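Undergrad: Got a structure for you, data-v3.pdb, holding PDB, C-alpha atoms, pLDDT in the B column.
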ATOM      1  CA  MET A   1       1.597  13.284  35.644  1.00 74.00           C
ATOM      2  CA  ASP A   2       0.841  16.308  33.458  1.00 90.00           C
ATOM      3  CA  LYS A   3      -0.499  16.080  29.936  1.00 92.00           C
ATOM      4  CA  GLU A   4       2.745  16.829  28.107  1.00 94.00           C
ATOM      5  CA  LYS A   5       4.602  14.135  30.018  1.00 95.00           C
ATOM      6  CA  ILE A   6       1.908  11.579  29.219  1.00 95.00           C
ATOM      7  CA  LEU A   7       1.948  12.489  25.523  1.00 95.00           C
ATOM      8  CA  LYS A   8       5.726  12.252  25.480  1.00 96.00           C
ATOM      9  CA  GLU A   9       5.579   8.863  27.174  1.00 96.00           C
ATOM     10  CA  LEU A  10       3.135   7.618  24.537  1.00 96.00           C
ATOM     11  CA  ALA A  11       5.441   8.768  21.740  1.00 95.00           C
ATOM     12  CA  ASP A  12       8.583   7.486  23.460  1.00 96.00           C
ATOM     13  CA  SER A  13       7.046   4.056  24.039  1.00 96.00           C
ATOM     14  CA  VAL A  14       6.526   3.649  20.294  1.00 94.00           C
ATOM     15  CA  VAL A  15      10.002   4.914  19.420  1.00 94.00           C
ATOM     16  CA  ALA A  16      11.417   2.518  22.026  1.00 95.00           C
ATOM     17  CA  CYS A  17       9.533  -0.379  20.376  1.00 94.00           C
ATOM     18  CA  ASP A  18       8.019  -1.333  23.738  1.00 96.00           C
ATOM     19  CA  PRO A  19       4.423  -2.679  23.464  1.00 95.00           C
ATOM     20  CA  PRO A  20       3.779  -3.123  27.223  1.00 96.00           C
ATOM     21  CA  ARG A  21       5.024   0.407  27.856  1.00 97.00           C
ATOM     22  CA  ALA A  22       2.708   1.784  25.162  1.00 97.00           C
ATOM     23  CA  LYS A  23      -0.281  -0.018  26.635  1.00 96.00           C
ATOM     24  CA  ALA A  24       0.544   1.267  30.105  1.00 97.00           C
ATOM     25  CA  ALA A  25       0.984   4.821  28.789  1.00 97.00           C
ATOM     26  CA  ALA A  26      -2.410   4.655  27.066  1.00 96.00           C
ATOM     27  CA  GLU A  27      -4.054   3.414  30.257  1.00 96.00           C
ATOM     28  CA  THR A  28      -2.408   6.273  32.165  1.00 96.00           C
ATOM     29  CA  ALA A  29      -3.693   8.763  29.579  1.00 96.00           C
ATOM     30  CA  LEU A  30      -7.273   7.634  30.109  1.00 95.00           C
ATOM     31  CA  ALA A  31      -6.889   7.463  33.882  1.00 95.00           C
ATOM     32  CA  GLU A  32      -5.631  11.055  33.890  1.00 95.00           C
ATOM     33  CA  GLY A  33      -8.581  12.225  31.797  1.00 94.00           C
ATOM     34  CA  LEU A  34      -6.785  12.956  28.525  1.00 94.00           C
ATOM     35  CA  ASP A  35      -8.846  13.129  25.363  1.00 91.00           C
ATOM     36  CA  PRO A  36      -8.212   9.776  23.618  1.00 91.00           C
ATOM     37  CA  VAL A  37      -8.069  11.408  20.174  1.00 85.00           C
ATOM     38  CA  GLU A  38      -5.410  13.816  21.403  1.00 90.00           C
ATOM     39  CA  ALA A  39      -3.527  10.945  23.035  1.00 92.00           C
ATOM     40  CA  ILE A  40      -3.490   9.126  19.704  1.00 89.00           C
ATOM     41  CA  ASN A  41      -2.615  12.081  17.488  1.00 85.00           C
ATOM     42  CA  GLU A  42      -0.192  13.880  19.800  1.00 91.00           C
ATOM     43  CA  GLY A  43       1.292  10.763  21.367  1.00 93.00           C
ATOM     44  CA  LEU A  44       1.250   7.483  19.449  1.00 90.00           C
ATOM     45  CA  VAL A  45       1.135   9.065  15.985  1.00 85.00           C
ATOM     46  CA  VAL A  46       4.038  11.381  16.824  1.00 89.00           C
ATOM     47  CA  GLY A  47       6.088   8.377  17.882  1.00 91.00           C
ATOM     48  CA  MET A  48       5.212   6.425  14.735  1.00 86.00           C
ATOM     49  CA  GLY A  49       6.129   9.464  12.667  1.00 82.00           C
ATOM     50  CA  VAL A  50       9.629   9.317  14.146  1.00 88.00           C
ATOM     51  CA  ILE A  51       9.782   5.627  13.258  1.00 86.00           C
ATOM     52  CA  GLY A  52       8.710   6.379   9.690  1.00 80.00           C
ATOM     53  CA  ASP A  53      11.348   9.084   9.327  1.00 82.00           C
ATOM     54  CA  ASN A  54      14.037   6.785  10.725  1.00 85.00           C
ATOM     55  CA  TYR A  55      13.007   3.978   8.404  1.00 81.00           C
ATOM     56  CA  ALA A  56      13.086   6.303   5.390  1.00 75.00           C
ATOM     57  CA  ALA A  57      16.545   7.489   6.453  1.00 82.00           C
ATOM     58  CA  HIS A  58      17.726   3.847   6.791  1.00 83.00           C
ATOM     59  CA  THR A  59      18.618   4.349  10.452  1.00 89.00           C
ATOM     60  CA  MET A  60      15.951   1.841  11.490  1.00 85.00           C
ATOM     61  CA  TYR A  61      15.134  -1.483   9.906  1.00 82.00           C
ATOM     62  CA  LEU A  62      12.034  -3.513   9.213  1.00 79.00           C
ATOM     63  CA  PRO A  63      12.045  -5.714  12.348  1.00 85.00           C
ATOM     64  CA  GLN A  64      12.143  -2.573  14.506  1.00 87.00           C
ATOM     65  CA  VAL A  65       9.376  -0.948  12.474  1.00 84.00           C
ATOM     66  CA  LEU A  66       7.132  -3.958  12.995  1.00 84.00           C
ATOM     67  CA  VAL A  67       7.720  -3.977  16.758  1.00 90.00           C
ATOM     68  CA  ALA A  68       7.098  -0.229  16.863  1.00 90.00           C
ATOM     69  CA  ALA A  69       3.845  -0.837  14.985  1.00 86.00           C
ATOM     70  CA  HIS A  70       2.871  -3.464  17.531  1.00 88.00           C
ATOM     71  CA  SER A  71       3.575  -0.913  20.263  1.00 93.00           C
ATOM     72  CA  MET A  72       1.314   1.624  18.568  1.00 90.00           C
ATOM     73  CA  TYR A  73      -1.478  -0.945  18.185  1.00 88.00           C
ATOM     74  CA  GLU A  74      -1.243  -1.846  21.868  1.00 93.00           C
ATOM     75  CA  GLY A  75      -1.892   1.792  22.685  1.00 94.00           C
ATOM     76  CA  LEU A  76      -4.637   2.099  20.088  1.00 89.00           C
ATOM     77  CA  ASP A  77      -6.422  -0.949  21.494  1.00 91.00           C
ATOM     78  CA  VAL A  78      -6.786   0.970  24.747  1.00 95.00           C
ATOM     79  CA  LEU A  79      -7.574   4.412  23.339  1.00 91.00           C
ATOM     80  CA  ILE A  80      -9.861   3.774  20.355  1.00 86.00           C
ATOM     81  CA  PRO A  81     -12.724   2.230  22.379  1.00 89.00           C
ATOM     82  CA  ALA A  82     -12.715   5.367  24.545  1.00 89.00           C
ATOM     83  CA  ILE A  83     -13.372   7.711  21.603  1.00 83.00           C
ATOM     84  CA  PRO A  84     -16.985   8.994  21.589  1.00 78.00           C
ATOM     85  CA  LYS A  85     -18.968   7.556  18.672  1.00 70.00           C
ATOM     86  CA  ASP A  86     -19.700  10.962  17.137  1.00 63.00           C
ATOM     87  CA  GLU A  87     -15.956  11.596  16.809  1.00 57.00           C
ATOM     88  CA  LYS A  88     -15.347   8.249  15.111  1.00 52.00           C
ATOM     89  CA  VAL A  89     -17.700   9.177  12.298  1.00 48.00           C
ATOM     90  CA  GLU A  90     -15.129  11.595  10.899  1.00 57.00           C
ATOM     91  CA  THR A  91     -12.348   9.018  10.821  1.00 69.00           C
ATOM     92  CA  ARG A  92     -11.000   8.307   7.349  1.00 85.00           C
ATOM     93  CA  LYS A  93     -11.115   4.681   6.222  1.00 91.00           C
ATOM     94  CA  ALA A  94      -8.643   2.669   4.173  1.00 95.00           C
ATOM     95  CA  VAL A  95      -8.495  -0.841   2.750  1.00 97.00           C
ATOM     96  CA  THR A  96      -5.184  -2.643   2.251  1.00 97.00           C
ATOM     97  CA  ALA A  97      -4.620  -5.890   0.362  1.00 97.00           C
ATOM     98  CA  VAL A  98      -2.030  -7.996  -1.423  1.00 97.00           C
ATOM     99  CA  VAL A  99      -3.700  -9.054  -4.653  1.00 97.00           C
ATOM    100  CA  GLN A 100      -4.633 -12.602  -5.627  1.00 97.00           C
ATOM    101  CA  GLY A 101      -1.731 -14.942  -6.287  1.00 95.00           C
ATOM    102  CA  ASP A 102       0.751 -13.160  -4.016  1.00 95.00           C
ATOM    103  CA  VAL A 103       1.441 -13.935  -0.359  1.00 94.00           C
ATOM    104  CA  HIS A 104       4.247 -11.413   0.250  1.00 90.00           C
ATOM    105  CA  ASP A 105       2.762  -8.936   2.705  1.00 90.00           C
ATOM    106  CA  ILE A 106       5.614  -7.101   4.412  1.00 85.00           C
ATOM    107  CA  GLY A 107       5.185  -3.976   2.285  1.00 87.00           C
ATOM    108  CA  LYS A 108       1.429  -4.041   2.776  1.00 92.00           C
ATOM    109  CA  ASN A 109       1.885  -4.332   6.519  1.00 87.00           C
ATOM    110  CA  ILE A 110       4.110  -1.252   6.581  1.00 85.00           C
ATOM    111  CA  VAL A 111       1.529   0.702   4.580  1.00 90.00           C
ATOM    112  CA  LYS A 112      -1.166  -0.433   7.010  1.00 89.00           C
ATOM    113  CA  THR A 113       0.957   0.744   9.927  1.00 82.00           C
ATOM    114  CA  MET A 114       1.673   4.150   8.435  1.00 83.00           C
ATOM    115  CA  LEU A 115      -1.966   4.671   7.454  1.00 87.00           C
ATOM    116  CA  THR A 116      -3.016   3.848  11.005  1.00 80.00           C
ATOM    117  CA  ALA A 117      -0.397   6.246  12.327  1.00 74.00           C
ATOM    118  CA  GLY A 118      -1.801   8.824   9.923  1.00 76.00           C
ATOM    119  CA  GLY A 119      -5.231   8.582  11.507  1.00 74.00           C
ATOM    120  CA  PHE A 120      -6.948   6.075   9.197  1.00 85.00           C
ATOM    121  CA  MET A 121      -9.076   3.166  10.328  1.00 82.00           C
ATOM    122  CA  VAL A 122      -7.618   0.351   8.246  1.00 89.00           C
ATOM    123  CA  ASN A 123      -9.478  -2.708   7.017  1.00 93.00           C
ATOM    124  CA  ASP A 124      -6.622  -5.084   6.211  1.00 95.00           C
ATOM    125  CA  LEU A 125      -7.872  -7.786   3.836  1.00 97.00           C
ATOM    126  CA  GLY A 126      -4.583  -9.684   4.035  1.00 96.00           C
ATOM    127  CA  LYS A 127      -2.770 -11.463   1.215  1.00 96.00           C
ATOM    128  CA  ASP A 128      -3.814 -13.438  -1.874  1.00 97.00           C
ATOM    129  CA  VAL A 129      -7.055 -11.438  -2.018  1.00 97.00           C
ATOM    130  CA  PRO A 130      -9.412 -11.879  -5.010  1.00 97.00           C
ATOM    131  CA  ALA A 131     -10.552  -8.810  -6.932  1.00 97.00           C
ATOM    132  CA  GLN A 132     -14.165  -9.382  -5.907  1.00 97.00           C
ATOM    133  CA  VAL A 133     -13.299  -9.275  -2.200  1.00 97.00           C
ATOM    134  CA  ILE A 134     -11.387  -6.024  -2.694  1.00 97.00           C
ATOM    135  CA  THR A 135     -14.276  -4.551  -4.662  1.00 97.00           C
ATOM    136  CA  ASP A 136     -16.808  -5.601  -2.039  1.00 97.00           C
ATOM    137  CA  ALA A 137     -14.748  -3.800   0.621  1.00 96.00           C
ATOM    138  CA  ALA A 138     -14.618  -0.672  -1.560  1.00 96.00           C
ATOM    139  CA  VAL A 139     -18.367  -0.740  -2.186  1.00 95.00           C
ATOM    140  CA  ALA A 140     -19.046  -1.241   1.532  1.00 94.00           C
ATOM    141  CA  GLY A 141     -17.468   2.162   2.151  1.00 92.00           C
ATOM    142  CA  THR A 142     -13.883   3.375   2.265  1.00 95.00           C
ATOM    143  CA  ASP A 143     -11.881   6.428   1.272  1.00 95.00           C
ATOM    144  CA  VAL A 144      -8.752   4.651   0.073  1.00 97.00           C
ATOM    145  CA  VAL A 145      -7.815   1.271  -1.404  1.00 98.00           C
ATOM    146  CA  CYS A 146      -4.112   0.377  -1.311  1.00 98.00           C
ATOM    147  CA  LEU A 147      -3.048  -2.651  -3.357  1.00 97.00           C
ATOM    148  CA  SER A 148       0.345  -4.313  -3.491  1.00 96.00           C
ATOM    149  CA  THR A 149       2.170  -7.133  -5.208  1.00 95.00           C
ATOM    150  CA  LEU A 150       5.753  -8.303  -5.251  1.00 93.00           C
ATOM    151  CA  MET A 151       5.538 -10.443  -8.388  1.00 93.00           C
ATOM    152  CA  THR A 152       5.100  -9.519 -12.048  1.00 94.00           C
ATOM    153  CA  PRO A 153       2.609 -12.335 -12.896  1.00 94.00           C
ATOM    154  CA  THR A 154       0.124 -11.108 -10.273  1.00 95.00           C
ATOM    155  CA  MET A 155       0.004  -7.589 -11.696  1.00 96.00           C
ATOM    156  CA  ASP A 156      -2.877  -8.835 -13.853  1.00 96.00           C
ATOM    157  CA  TYR A 157      -4.907  -9.401 -10.685  1.00 96.00           C
ATOM    158  CA  MET A 158      -4.079  -5.888  -9.538  1.00 96.00           C
ATOM    159  CA  GLU A 159      -5.424  -4.570 -12.831  1.00 96.00           C
ATOM    160  CA  ALA A 160      -8.526  -6.749 -12.439  1.00 96.00           C
ATOM    161  CA  ALA A 161      -9.199  -5.320  -8.976  1.00 97.00           C
ATOM    162  CA  VAL A 162      -8.839  -1.705 -10.123  1.00 96.00           C
ATOM    163  CA  ARG A 163     -11.075  -2.246 -13.130  1.00 96.00           C
ATOM    164  CA  MET A 164     -13.691  -4.100 -11.083  1.00 96.00           C
ATOM    165  CA  ILE A 165     -13.826  -1.213  -8.600  1.00 96.00           C
ATOM    166  CA  GLY A 166     -14.168   1.076 -11.611  1.00 93.00           C
ATOM    167  CA  SER A 167     -17.231  -0.858 -12.732  1.00 93.00           C
ATOM    168  CA  SER A 168     -18.790  -1.005  -9.283  1.00 93.00           C
ATOM    169  CA  GLY A 169     -20.223   2.498  -9.195  1.00 90.00           C
ATOM    170  CA  CYS A 170     -18.046   3.711  -6.295  1.00 93.00           C
ATOM    171  CA  ARG A 171     -14.873   4.615  -8.192  1.00 93.00           C
ATOM    172  CA  ASP A 172     -15.366   8.376  -7.870  1.00 92.00           C
ATOM    173  CA  LYS A 173     -15.529   8.015  -4.089  1.00 93.00           C
ATOM    174  CA  VAL A 174     -12.371   5.938  -3.681  1.00 96.00           C
ATOM    175  CA  ILE A 175      -8.678   6.768  -4.073  1.00 97.00           C
ATOM    176  CA  ILE A 176      -6.732   3.753  -5.372  1.00 97.00           C
ATOM    177  CA  THR A 177      -2.986   3.451  -4.911  1.00 98.00           C
ATOM    178  CA  ILE A 178      -0.736   0.573  -5.930  1.00 97.00           C
ATOM    179  CA  GLY A 179       2.735  -0.451  -4.876  1.00 95.00           C
ATOM    180  CA  GLY A 180       5.400  -3.118  -5.153  1.00 93.00           C
ATOM    181  CA  PRO A 181       8.688  -3.551  -7.037  1.00 93.00           C
ATOM    182  CA  PRO A 182       7.211  -4.565 -10.419  1.00 95.00           C
ATOM    183  CA  THR A 183       4.745  -1.659 -10.565  1.00 96.00           C
ATOM    184  CA  THR A 184       5.481   1.662 -12.261  1.00 96.00           C
ATOM    185  CA  ASP A 185       3.853   5.056 -12.662  1.00 96.00           C
ATOM    186  CA  GLY A 186       2.979   4.087 -16.211  1.00 97.00           C
ATOM    187  CA  PHE A 187       1.306   0.880 -15.087  1.00 97.00           C
ATOM    188  CA  ALA A 188      -0.741   2.816 -12.522  1.00 97.00           C
ATOM    189  CA  GLN A 189      -1.986   5.130 -15.252  1.00 96.00           C
ATOM    190  CA  GLU A 190      -2.647   2.227 -17.613  1.00 96.00           C
ATOM    191  CA  ILE A 191      -4.919   0.376 -15.209  1.00 96.00           C
ATOM    192  CA  GLY A 192      -6.669   3.472 -13.861  1.00 96.00           C
ATOM    193  CA  ALA A 193      -5.099   3.723 -10.393  1.00 97.00           C
ATOM    194  CA  ASP A 194      -4.608   7.177  -8.893  1.00 97.00           C
ATOM    195  CA  HIS A 195      -1.020   6.734  -7.746  1.00 97.00           C
ATOM    196  CA  ARG A 196       1.933   4.391  -7.609  1.00 97.00           C
ATOM    197  CA  ASP A 197       3.572   4.455  -4.187  1.00 94.00           C
ATOM    198  CA  GLU A 198       7.346   4.319  -3.849  1.00 89.00           C
ATOM    199  CA  ASN A 199       7.003   3.601  -0.127  1.00 85.00           C
ATOM    200  CA  ALA A 200       4.536   3.735   2.743  1.00 84.00           C
ATOM    201  CA  GLN A 201       5.312   7.314   3.709  1.00 81.00           C
ATOM    202  CA  GLN A 202       4.690   8.500   0.167  1.00 88.00           C
ATOM    203  CA  CYS A 203       1.408   6.585   0.078  1.00 91.00           C
ATOM    204  CA  VAL A 204       0.102   8.310   3.192  1.00 89.00           C
ATOM    205  CA  LYS A 205       1.294  11.720   2.014  1.00 88.00           C
ATOM    206  CA  PHE A 206      -0.481  11.275  -1.319  1.00 94.00           C
ATOM    207  CA  VAL A 207      -3.824  10.102   0.039  1.00 94.00           C
ATOM    208  CA  LYS A 208      -3.873  12.855   2.649  1.00 89.00           C
ATOM    209  CA  SER A 209      -3.268  15.411  -0.099  1.00 92.00           C
ATOM    210  CA  ARG A 210      -6.348  14.121  -1.910  1.00 92.00           C
ATOM    211  CA  LEU A 211      -8.742  14.009   1.043  1.00 84.00           C
TER     212      LEU A 211
END
Would you write the structure of this file as structure tokens?
TA:
Amino acid sequence: MDKEKILKELADSVVACDPPRAKAAAETALAEGLDPVEAINEGLVVGMGVIGDNYAAHTMYLPQVLVAAHSMYEGLDVLIPAIPKDEKVETRKAVTAVVQGDVHDIGKNIVKTMLTAGGFMVNDLGKDVPAQVITDAAVAGTDVVCLSTLMTPTMDYMEAAVRMIGSSGCRDKVIITIGGPPTTDGFAQEIGADHRDENAQQCVKFVKSRL
């Protein structure tokens, strides 16, 4: 199978929301000697880009997006270990978290997926995450911190996390974005975040424009 067909199969497997197919395509890519970075960027990421566009256009819905994401991760699990260590050094890093007091993580999971599709190595801290844990992850080394909440009462914990990162000594090295229905552009400015994300695609576009 030639390179273009393999890359197309990688992309198509994600668009088809078919995890076993994506894994098999990734294994074929390595067996045929394709560069794993190229297989990711020109195959899996292309497919996830189509998914993102379809989701933004409301022609695809959340359950499909999540299965497509699972398909991409199946391929990544095969390809990432094959990337030479010196190439991994240049990979951008991101941290995602739902702030303390909130356990609604669907939006965060979509952001994680789109960041991964955009070439970031994502450290997903999960949901109901204390400000100190978020700050520790920022201090340990990352390019981006993406925080979300679905509920108005937990916005205080989002502010606490941003301000704690600001006091940690690493603020000038980290881009902070926030998202969730109760957040606004004004709130982002008030607490010292760099951006308020309307959706996952906008989040990725913004952070890439700043890196």
Undergrad: Rounded to one decimal in Å, what is the spacing between atom CA of A:Leu76 and atom CA of A:Glu32?
TA: 16.5 Å
Undergrad: So which one's closest to A:Ala39, A:Gly180, A:Gly52, A:Pro81, A:Gly75? Using only C-alpha atoms, please.
TA: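 Selected residue with least distance to A:Ala39: A:Gly75.
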Undergrad: Nearest to A:Asn41 among A:Gly186, A:Pro130, A:Gly166, A:Gly119, with distances taken over only C-alpha atoms: which residue is it?
TA: A:Gly119
Undergrad: Nearest to A:Ala94 among A:Ile80, A:Ile40, A:Ile176, A:Ile110, with distances taken over only C-alpha atoms: which residue is it?
TA: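 Closest to A:Ala94 of all the choices is A:Ile176.
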Undergrad: Counting all atoms listed in the file, which residues come within 12 Å of (-0.6, 7.7, 10.8), with the point read in the file's coordinates, and could you list them as a PyMOL selection string?
TA: chain A and resi 40-52+69+72-73+76+91-94+110-122+200-205+207-208
Undergrad: Please dump the current selection as a PDB file, in the coordinates of the input; keep C-alpha atoms.
TA:
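File part-v4.pdb, as written:
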ATOM      1  CA  ILE A  40      -3.490   9.126  19.704  1.00 89.00           C
ATOM      2  CA  ASN A  41      -2.615  12.081  17.488  1.00 85.00           C
ATOM      3  CA  GLU A  42      -0.192  13.880  19.800  1.00 91.00           C
ATOM      4  CA  GLY A  43       1.292  10.763  21.367  1.00 93.00           C
ATOM      5  CA  LEU A  44       1.250   7.483  19.449  1.00 90.00           C
ATOM      6  CA  VAL A  45       1.135   9.065  15.985  1.00 85.00           C
ATOM      7  CA  VAL A  46       4.038  11.381  16.824  1.00 89.00           C
ATOM      8  CA  GLY A  47       6.088   8.377  17.882  1.00 91.00           C
ATOM      9  CA  MET A  48       5.212   6.425  14.735  1.00 86.00           C
ATOM     10  CA  GLY A  49       6.129   9.464  12.667  1.00 82.00           C
ATOM     11  CA  VAL A  50       9.629   9.317  14.146  1.00 88.00           C
ATOM     12  CA  ILE A  51       9.782   5.627  13.258  1.00 86.00           C
ATOM     13  CA  GLY A  52       8.710   6.379   9.690  1.00 80.00           C
ATOM     14  CA  ALA A  69       3.845  -0.837  14.985  1.00 86.00           C
ATOM     15  CA  MET A  72       1.314   1.624  18.568  1.00 90.00           C
ATOM     16  CA  TYR A  73      -1.478  -0.945  18.185  1.00 88.00           C
ATOM     17  CA  LEU A  76      -4.637   2.099  20.088  1.00 89.00           C
ATOM     18  CA  THR A  91     -12.348   9.018  10.821  1.00 69.00           C
ATOM     19  CA  ARG A  92     -11.000   8.307   7.349  1.00 85.00           C
ATOM     20  CA  LYS A  93     -11.115   4.681   6.222  1.00 91.00           C
ATOM     21  CA  ALA A  94      -8.643   2.669   4.173  1.00 95.00           C
ATOM     22  CA  ILE A 110       4.110  -1.252   6.581  1.00 85.00           C
ATOM     23  CA  VAL A 111       1.529   0.702   4.580  1.00 90.00           C
ATOM     24  CA  LYS A 112      -1.166  -0.433   7.010  1.00 89.00           C
ATOM     25  CA  THR A 113       0.957   0.744   9.927  1.00 82.00           C
ATOM     26  CA  MET A 114       1.673   4.150   8.435  1.00 83.00           C
ATOM     27  CA  LEU A 115      -1.966   4.671   7.454  1.00 87.00           C
ATOM     28  CA  THR A 116      -3.016   3.848  11.005  1.00 80.00           C
ATOM     29  CA  ALA A 117      -0.397   6.246  12.327  1.00 74.00           C
ATOM     30  CA  GLY A 118      -1.801   8.824   9.923  1.00 76.00           C
ATOM     31  CA  GLY A 119      -5.231   8.582  11.507  1.00 74.00           C
ATOM     32  CA  PHE A 120      -6.948   6.075   9.197  1.00 85.00           C
ATOM     33  CA  MET A 121      -9.076   3.166  10.328  1.00 82.00           C
ATOM     34  CA  VAL A 122      -7.618   0.351   8.246  1.00 89.00           C
ATOM     35  CA  ALA A 200       4.536   3.735   2.743  1.00 84.00           C
ATOM     36  CA  GLN A 201       5.312   7.314   3.709  1.00 81.00           C
ATOM     37  CA  GLN A 202       4.690   8.500   0.167  1.00 88.00           C
ATOM     38  CA  CYS A 203       1.408   6.585   0.078  1.00 91.00           C
ATOM     39  CA  VAL A 204       0.102   8.310   3.192  1.00 89.00           C
ATOM     40  CA  LYS A 205       1.294  11.720   2.014  1.00 88.00           C
ATOM     41  CA  VAL A 207      -3.824  10.102   0.039  1.00 94.00           C
ATOM     42  CA  LYS A 208      -3.873  12.855   2.649  1.00 89.00           C
TER      43      LYS A 208
END
Undergrad: Neighbours of A:Ala193 within 12 Å (all atoms listed in the file; same-chain residues fewer than 2 positions away dropped), as a ChimeraX atom specification?
TA: /A:144-148,158-166,171-172,174-179,183-191,195-197
Undergrad: Generate a file of the selected residues that holds C-alpha atoms, formatted as a PDB file, in the coordinates of the input.
TA:
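Output (result.pdb):
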ATOM      1  CA  VAL A 144      -8.752   4.651   0.073  1.00 97.00           C
ATOM      2  CA  VAL A 145      -7.815   1.271  -1.404  1.00 98.00           C
ATOM      3  CA  CYS A 146      -4.112   0.377  -1.311  1.00 98.00           C
ATOM      4  CA  LEU A 147      -3.048  -2.651  -3.357  1.00 97.00           C
ATOM      5  CA  SER A 148       0.345  -4.313  -3.491  1.00 96.00           C
ATOM      6  CA  MET A 158      -4.079  -5.888  -9.538  1.00 96.00           C
ATOM      7  CA  GLU A 159      -5.424  -4.570 -12.831  1.00 96.00           C
ATOM      8  CA  ALA A 160      -8.526  -6.749 -12.439  1.00 96.00           C
ATOM      9  CA  ALA A 161      -9.199  -5.320  -8.976  1.00 97.00           C
ATOM     10  CA  VAL A 162      -8.839  -1.705 -10.123  1.00 96.00           C
ATOM     11  CA  ARG A 163     -11.075  -2.246 -13.130  1.00 96.00           C
ATOM     12  CA  MET A 164     -13.691  -4.100 -11.083  1.00 96.00           C
ATOM     13  CA  ILE A 165     -13.826  -1.213  -8.600  1.00 96.00           C
ATOM     14  CA  GLY A 166     -14.168   1.076 -11.611  1.00 93.00           C
ATOM     15  CA  ARG A 171     -14.873   4.615  -8.192  1.00 93.00           C
ATOM     16  CA  ASP A 172     -15.366   8.376  -7.870  1.00 92.00           C
ATOM     17  CA  VAL A 174     -12.371   5.938  -3.681  1.00 96.00           C
ATOM     18  CA  ILE A 175      -8.678   6.768  -4.073  1.00 97.00           C
ATOM     19  CA  ILE A 176      -6.732   3.753  -5.372  1.00 97.00           C
ATOM     20  CA  THR A 177      -2.986   3.451  -4.911  1.00 98.00           C
ATOM     21  CA  ILE A 178      -0.736   0.573  -5.930  1.00 97.00           C
ATOM     22  CA  GLY A 179       2.735  -0.451  -4.876  1.00 95.00           C
ATOM     23  CA  THR A 183       4.745  -1.659 -10.565  1.00 96.00           C
ATOM     24  CA  THR A 184       5.481   1.662 -12.261  1.00 96.00           C
ATOM     25  CA  ASP A 185       3.853   5.056 -12.662  1.00 96.00           C
ATOM     26  CA  GLY A 186       2.979   4.087 -16.211  1.00 97.00           C
ATOM     27  CA  PHE A 187       1.306   0.880 -15.087  1.00 97.00           C
ATOM     28  CA  ALA A 188      -0.741   2.816 -12.522  1.00 97.00           C
ATOM     29  CA  GLN A 189      -1.986   5.130 -15.252  1.00 96.00           C
ATOM     30  CA  GLU A 190      -2.647   2.227 -17.613  1.00 96.00           C
ATOM     31  CA  ILE A 191      -4.919   0.376 -15.209  1.00 96.00           C
ATOM     32  CA  HIS A 195      -1.020   6.734  -7.746  1.00 97.00           C
ATOM     33  CA  ARG A 196       1.933   4.391  -7.609  1.00 97.00           C
ATOM     34  CA  ASP A 197       3.572   4.455  -4.187  1.00 94.00           C
TER      35      ASP A 197
END
Undergrad: From the list A:Gly141, A:Asp77, A:Met151, A:His58, which residue is nearest A:Val103 when using all atoms listed in the file?
TA: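 Looking at the shortest contact to A:Val103, the residue is A:Met151.
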Undergrad: Name the residues in contact with stretch 153-155 of chain A at a cut-off of 7 Å, using all atoms listed in the file, excluding same-chain residues fewer than 4 positions from it; report them as a PyMOL selection string.
TA: chain A and resi 100-102+149+159
Undergrad: Return the padded bounding box of stretch 133-141 of chain A as AutoDock Vina command-line options: axis-aligned, built from all atoms listed in the file, 6 Å added on each side, with centre and edge lengths in Å to one decimal.
TA:
--center_x -15.2 --center_y -3.6 --center_z -1.3 --size_x 19.7 --size_y 23.4 --size_z 18.8
Undergrad: Between atom CA of A:Gly126 and atom CA of A:Gly192, what is the spacing in Å?
TA: 22.3 Å
Undergrad: What's the separation between atom CA of A:Pro36 and atom CA of A:Val95, in Å to one decimal place?
TA: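 Atom CA of A:Val95 lies at a distance of 23.4 Å from atom CA of A:Pro36.
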Undergrad: Show me as a list in words the residues that reach within 10 Å of (2.4, 0.1, 26.8), counting all atoms listed in the file and using the file's own coordinates.
TA: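 Within 10 Å of (2.4, 0.1, 26.8), the protein and nucleic acid residues are Glu9, Leu10, Ser13, Val14, Cys17, Asp18, Pro19, Pro20, Arg21, Ala22, Lys23, Ala24, Ala25, Ala26, Glu27, Thr28, His70, Ser71, Met72, Tyr73, Glu74, Gly75, Leu76 and Val78 of chain A.
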Undergrad: Dump C-alpha atoms for the selected residues as a tab-separated table (two decimals), keeping the file's coordinate frame?
TA:
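Final file, result21.tsv:
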chain	number	residue	atom	x	y	z
A	9	GLU	CA	5.58	8.86	27.17
A	10	LEU	CA	3.14	7.62	24.54
A	13	SER	CA	7.05	4.06	24.04
A	14	VAL	CA	6.53	3.65	20.29
A	17	CYS	CA	9.53	-0.38	20.38
A	18	ASP	CA	8.02	-1.33	23.74
A	19	PRO	CA	4.42	-2.68	23.46
A	20	PRO	CA	3.78	-3.12	27.22
A	21	ARG	CA	5.02	0.41	27.86
A	22	ALA	CA	2.71	1.78	25.16
A	23	LYS	CA	-0.28	-0.02	26.64
A	24	ALA	CA	0.54	1.27	30.10
A	25	ALA	CA	0.98	4.82	28.79
A	26	ALA	CA	-2.41	4.66	27.07
A	27	GLU	CA	-4.05	3.41	30.26
A	28	THR	CA	-2.41	6.27	32.16
A	70	HIS	CA	2.87	-3.46	17.53
A	71	SER	CA	3.58	-0.91	20.26
A	72	MET	CA	1.31	1.62	18.57
A	73	TYR	CA	-1.48	-0.94	18.18
A	74	GLU	CA	-1.24	-1.85	21.87
A	75	GLY	CA	-1.89	1.79	22.68
A	76	LEU	CA	-4.64	2.10	20.09
A	78	VAL	CA	-6.79	0.97	24.75
Undergrad: Residues at most 9 Å from stretch 1-3 of chain A, counting only C-alpha atoms, excluding those fewer than 3 positions away in the same chain, as an mmCIF file with C-alpha atoms, in the coordinates of the input?
TA:
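Written output follows (around-v8.cif):
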data_model
loop_
_atom_site.group_PDB
_atom_site.id
_atom_site.type_symbol
_atom_site.label_atom_id
_atom_site.label_comp_id
_atom_site.auth_asym_id
_atom_site.auth_seq_id
_atom_site.Cartn_x
_atom_site.Cartn_y
_atom_site.Cartn_z
ATOM 1 C CA ILE A 6 1.908 11.579 29.219
ATOM 2 C CA LEU A 7 1.948 12.489 25.523
ATOM 3 C CA LYS A 8 5.726 12.252 25.480
ATOM 4 C CA THR A 28 -2.408 6.273 32.165
ATOM 5 C CA ALA A 29 -3.693 8.763 29.579
ATOM 6 C CA GLU A 32 -5.631 11.055 33.890
ATOM 7 C CA LEU A 34 -6.785 12.956 28.525
#
